[in-house]
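Everything on this sheet refers to the single structure shown next.
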Amino acid sequence: MRIFLTTLVFAVAALTSGQAARAQSVEEFYKGRQVQVIISSTSGSTYDRYARFLVQHMGKHIPGNPSFVPRNMPGAGGIVATQYLHRIAPKDGSAFGTVSRNLPFEPILGKLEANFDPLSFVWLGSMNHERSIAISWHTSKVKMLADLQHMELLVPGNGAGSDSEVIPLAFNALFGTKFKIVRGYTGNTESTLAVERGELEGIAYWSWSAIQSGHKHWLDGNKVNVLFHTGPEPDPEIKAPSIRTLVRDENQRAALEFILAREILGRPFLAPPGVPLDRAKALQAAFNATMKDPAFIAEAQKRNIEVQLVTGEQVTDVLRKAVAAPAPVIESVKQALER
């Protein structure tokens, strides 16, 4: 009887505590609180720089003005951080994070290690929508897109499922490019150093915003050849053709559109499934407000960080369309990535 009563007391206490927490207003919940910010890449990476910049400004747009504790959690191409946010992180609004924009598409493509539903997360939005480039180092024999269809280019791989491996494999299968992936690099910082040392000959898929914010001197000093970009239209900033000019038929076009849909996600931020609705809305509203904050925008320009708001609703819409993609399109993408 004593054990039963003790258990009952603890159960009632836990229930009461949970009800009290849920009864808190958003401001009461966040006042004096530290919010975990999980970053799926290494310190100094572009995702890391974007996340740490965001949280310098976001707290003032959340009722209660919480502080933030960034935590790098690299591993398995971002799956470690994604699984943490999905399964382990607190689901009360005290944690959110940023993951590689390719990760939400992995379970859609049937990757067993990515056993999560991308639509179950609370998507806060993205800090930009990307256009990406492929580059070769100035000493490489590969100087332009046409060369890449006849000569190999050694490029880094940052983990199975990462953009650095998925995208060049797809380009090789769809268009006959000859990217040769050298695996084992932990992130962009290590990869760029390897290019400078001559271990690698280029980078197959690199965000334009990343090279502008971190390695613009490569462009200004003619240290690299820009082989192509991934945008749908000619780009006045990028003096190279689009990879889309190589599309020959509708099947290729559909597969490429699916693969490059991730670029709309740019630098995405997400909270765990199950966050209470009022706190989820507060986080989404704070994200949107931060992206429109004049002080934030002015500092982004000073830091040469490219920002454009992509809302959580827009991210969710992209993922809904990907989930609903016709089976033949998914199958053609799978085949391209398995070669």
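Naming works like this for the structure tokens: A, B, ... for the chains as they're shown, residue 1 at the start of each chain, ligands 1 onward in shown order.
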Can you tell me, as a VMD selection string, what residues are no more than 10 Å from A:Pro156 when counting only C-alpha atoms, ignoring any on the same chain fewer than 4 positions away?
-> chain A and resid 164 to 165 179 to 188 190 to 192 194 to 195 199 to 205
Selected residues written out, C-alpha atoms, as a PDB file, in the first residue's frame:
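Saved result, result29.pdb, follows:
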ATOM      1  CA  SER A 164      28.753  16.726 -51.510  1.00  0.00           C
ATOM      2  CA  GLU A 165      28.221  13.066 -52.436  1.00  0.00           C
ATOM      3  CA  PHE A 179      33.314  13.790 -60.629  1.00  0.00           C
ATOM      4  CA  LYS A 180      35.432  11.354 -58.607  1.00  0.00           C
ATOM      5  CA  ILE A 181      34.446  11.546 -54.946  1.00  0.00           C
ATOM      6  CA  VAL A 182      37.178  11.208 -52.325  1.00  0.00           C
ATOM      7  CA  ARG A 183      35.364  10.296 -49.125  1.00  0.00           C
ATOM      8  CA  GLY A 184      36.325  10.936 -45.526  1.00  0.00           C
ATOM      9  CA  TYR A 185      36.304  14.730 -45.248  1.00  0.00           C
ATOM     10  CA  THR A 186      34.333  15.908 -42.233  1.00  0.00           C
ATOM     11  CA  GLY A 187      33.084  19.205 -43.612  1.00  0.00           C
ATOM     12  CA  ASN A 188      33.619  22.225 -45.765  1.00  0.00           C
ATOM     13  CA  GLU A 190      38.589  20.452 -44.153  1.00  0.00           C
ATOM     14  CA  SER A 191      37.580  20.137 -47.803  1.00  0.00           C
ATOM     15  CA  THR A 192      38.647  23.643 -48.791  1.00  0.00           C
ATOM     16  CA  ALA A 194      42.489  19.945 -49.023  1.00  0.00           C
ATOM     17  CA  VAL A 195      41.829  21.818 -52.276  1.00  0.00           C
ATOM     18  CA  GLU A 199      44.911  16.872 -52.381  1.00  0.00           C
ATOM     19  CA  LEU A 200      41.711  17.610 -54.279  1.00  0.00           C
ATOM     20  CA  GLU A 201      41.050  19.344 -57.590  1.00  0.00           C
ATOM     21  CA  GLY A 202      37.762  21.083 -56.883  1.00  0.00           C
ATOM     22  CA  ILE A 203      34.359  21.009 -55.224  1.00  0.00           C
ATOM     23  CA  ALA A 204      31.365  19.518 -57.036  1.00  0.00           C
ATOM     24  CA  TYR A 205      28.528  21.275 -55.249  1.00  0.00           C
TER      25      TYR A 205
END
Which residues of stretch 113-155 of chain A have any atom within 9 Å of an atom in stretch 65-88 of chain A when counting only C-alpha atoms, and what is the closest pair of atoms for each, with the distance in Å to one decimal? Order the rows by chain and rising number and write it as a tab-separated table.
residue	atom	partner	partner_atom	distance
A:Glu113	CA	A:Ile79	CA	7.8
A:Ala114	CA	A:Ile79	CA	6.7
A:Asn115	CA	A:Gln83	CA	8.3
A:Phe116	CA	A:His86	CA	7.2
A:Asp117	CA	A:His86	CA	8.8
A:Ser120	CA	A:His86	CA	8.5
A:Phe121	CA	A:His86	CA	7.4
Any chance you could export the current selection's C-alpha atoms as a short mmCIF file (atom, residue, chain, number, x, y, z; two decimals), in the first residue's frame?
data_model
loop_
_atom_site.label_atom_id
_atom_site.label_comp_id
_atom_site.auth_asym_id
_atom_site.auth_seq_id
_atom_site.Cartn_x
_atom_site.Cartn_y
_atom_site.Cartn_z
CA GLU A 113 19.25 5.24 -41.87
CA ALA A 114 17.02 8.30 -42.32
CA ASN A 115 13.99 6.76 -40.62
CA PHE A 116 12.03 9.90 -39.85
CA ASP A 117 9.11 11.72 -41.39
CA SER A 120 6.62 15.68 -38.73
CA PHE A 121 9.06 18.47 -37.81
#
List the neighbours of A:Ala285 out to 12 Å using only C-alpha atoms; skip same-chain residues closer than 2 positions along the sequence, and give me the result as an MDAnalysis selection string.
-> chainID A and resid 58:63 123:125 278:283 287:292 309 311:313
DSSP-assigned helix (DSSP H, G or I) among stretch 232-293 of chain A, expressed as a PyMOL selection string = chain A and resi 243-246+250-260+262-265+277-292
Once you have the residues from the selection above, write them out as a PDB file, in the first residue's frame, restricted to C-alpha atoms.
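Saved to out.pdb:
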ATOM      1  CA  ILE A 243      23.896  22.468 -65.433  1.00  0.00           C
ATOM      2  CA  ARG A 244      20.281  22.528 -66.628  1.00  0.00           C
ATOM      3  CA  THR A 245      21.492  23.278 -70.168  1.00  0.00           C
ATOM      4  CA  LEU A 246      22.501  19.597 -70.364  1.00  0.00           C
ATOM      5  CA  GLU A 250      11.484  15.211 -69.651  1.00  0.00           C
ATOM      6  CA  ASN A 251      12.694  12.333 -67.469  1.00  0.00           C
ATOM      7  CA  GLN A 252      16.015  14.072 -66.891  1.00  0.00           C
ATOM      8  CA  ARG A 253      14.263  17.348 -66.203  1.00  0.00           C
ATOM      9  CA  ALA A 254      11.917  15.803 -63.616  1.00  0.00           C
ATOM     10  CA  ALA A 255      14.750  13.964 -61.865  1.00  0.00           C
ATOM     11  CA  LEU A 256      16.918  17.085 -61.771  1.00  0.00           C
ATOM     12  CA  GLU A 257      14.059  19.222 -60.437  1.00  0.00           C
ATOM     13  CA  PHE A 258      13.513  16.726 -57.614  1.00  0.00           C
ATOM     14  CA  ILE A 259      17.219  16.653 -56.748  1.00  0.00           C
ATOM     15  CA  LEU A 260      17.600  20.441 -56.803  1.00  0.00           C
ATOM     16  CA  ARG A 262      16.582  21.109 -51.783  1.00  0.00           C
ATOM     17  CA  GLU A 263      18.082  24.410 -52.875  1.00  0.00           C
ATOM     18  CA  ILE A 264      14.849  26.210 -52.006  1.00  0.00           C
ATOM     19  CA  LEU A 265      15.474  25.066 -48.428  1.00  0.00           C
ATOM     20  CA  LEU A 277       1.325  24.902 -31.064  1.00  0.00           C
ATOM     21  CA  ASP A 278       1.673  28.289 -29.389  1.00  0.00           C
ATOM     22  CA  ARG A 279       5.432  27.879 -28.941  1.00  0.00           C
ATOM     23  CA  ALA A 280       5.849  26.524 -32.466  1.00  0.00           C
ATOM     24  CA  LYS A 281       4.073  29.584 -33.832  1.00  0.00           C
ATOM     25  CA  ALA A 282       6.185  31.857 -31.607  1.00  0.00           C
ATOM     26  CA  LEU A 283       9.406  30.310 -32.962  1.00  0.00           C
ATOM     27  CA  GLN A 284       8.201  30.611 -36.560  1.00  0.00           C
ATOM     28  CA  ALA A 285       7.102  34.219 -36.036  1.00  0.00           C
ATOM     29  CA  ALA A 286      10.421  35.072 -34.371  1.00  0.00           C
ATOM     30  CA  PHE A 287      12.346  33.518 -37.249  1.00  0.00           C
ATOM     31  CA  ASN A 288      10.360  35.556 -39.793  1.00  0.00           C
ATOM     32  CA  ALA A 289      10.738  38.748 -37.758  1.00  0.00           C
ATOM     33  CA  THR A 290      14.482  38.247 -37.410  1.00  0.00           C
ATOM     34  CA  MET A 291      14.898  37.846 -41.155  1.00  0.00           C
ATOM     35  CA  LYS A 292      13.089  41.174 -41.667  1.00  0.00           C
TER      36      LYS A 292
END
Please return as number ranges by chain: the residues of stretch 47-161 of chain A that backbone DSSP assigns to strand (DSSP E or B).
-> A: 67-72, 95-98, 122-126, 132-137, 153-157
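Nearest to A:Asp317 of all the residues A:Ala146, A:Val35, A:Leu219, A:Leu119 is A:Leu119, counting only C-alpha atoms.
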Near A:Val333, within 9 Å and counting only C-alpha atoms, which residues show up once chain neighbours fewer than 2 positions away are dropped, as a list in words?
->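 So the residues in contact are Leu109, Ala170, Ala255, Leu256, Phe258, Ile259, Pro328, Val329, Ile330, Glu331, Gln335, Ala336, Leu337 and Glu338 of chain A.
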Judged by only C-alpha atoms, the minimum distance to A:Ala51 among A:Gly97, A:Pro326, A:Gly64, A:Gly110 is found for A:Gly97
Might you pull out every residue within 9 Å of A:Gly44, with only C-alpha atoms counted and same-chain residues fewer than 4 positions away left off, and present them as a ChimeraX atom specification?
-> /A:48-49,188-189
Do you have the atom CA of A:His57-atom CA of A:His215 distance handy?
-> 24.5 Å
Would you please work out which residue, of A:Val224, A:Ala240, A:Val99, A:Val55, is nearest to A:Leu145 when using only C-alpha atoms?
-> A:Ala240
Do you know which residues are at most 12 Å from A:Lys141 counting only C-alpha atoms, after dropping those on the same chain fewer than 3 positions away, and could you put them as a PyMOL selection string?
-> chain A and resi 135-138+144-148+150-154+201-202+224-225+227
With C-alpha atoms kept, could you save the residues just selected as an mmCIF file, in the first residue's frame?
data_model
loop_
_atom_site.group_PDB
_atom_site.id
_atom_site.type_symbol
_atom_site.label_atom_id
_atom_site.label_comp_id
_atom_site.auth_asym_id
_atom_site.auth_seq_id
_atom_site.Cartn_x
_atom_site.Cartn_y
_atom_site.Cartn_z
ATOM 1 C CA ILE A 135 34.525 24.703 -59.186
ATOM 2 C CA SER A 136 37.953 23.428 -60.133
ATOM 3 C CA TRP A 137 41.226 24.731 -58.730
ATOM 4 C CA HIS A 138 43.167 26.940 -61.123
ATOM 5 C CA MET A 144 34.851 24.345 -68.016
ATOM 6 C CA LEU A 145 31.743 22.186 -68.060
ATOM 7 C CA ALA A 146 32.655 20.493 -71.375
ATOM 8 C CA ASP A 147 35.991 19.356 -69.894
ATOM 9 C CA LEU A 148 34.146 17.721 -67.001
ATOM 10 C CA HIS A 150 35.845 13.996 -70.569
ATOM 11 C CA MET A 151 38.212 14.316 -67.592
ATOM 12 C CA GLU A 152 37.928 13.266 -63.950
ATOM 13 C CA LEU A 153 37.853 15.862 -61.199
ATOM 14 C CA LEU A 154 38.752 14.807 -57.645
ATOM 15 C CA GLU A 201 41.050 19.344 -57.590
ATOM 16 C CA GLY A 202 37.762 21.083 -56.883
ATOM 17 C CA VAL A 224 39.190 28.717 -59.190
ATOM 18 C CA ASN A 225 37.321 28.022 -62.406
ATOM 19 C CA LEU A 227 32.344 25.185 -64.162
#
Tell me, as a list in words, which residues lie within 9 Å of A:Val122, counting only C-alpha atoms; anything in the same chain fewer than 4 positions away does not count.
->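 Answer for this query is Phe96, Phe269, Leu270, Ala271, Pro272, Pro273, Gly274, Val275, Ala280, Gln284, Gly312 and Thr316 of chain A.
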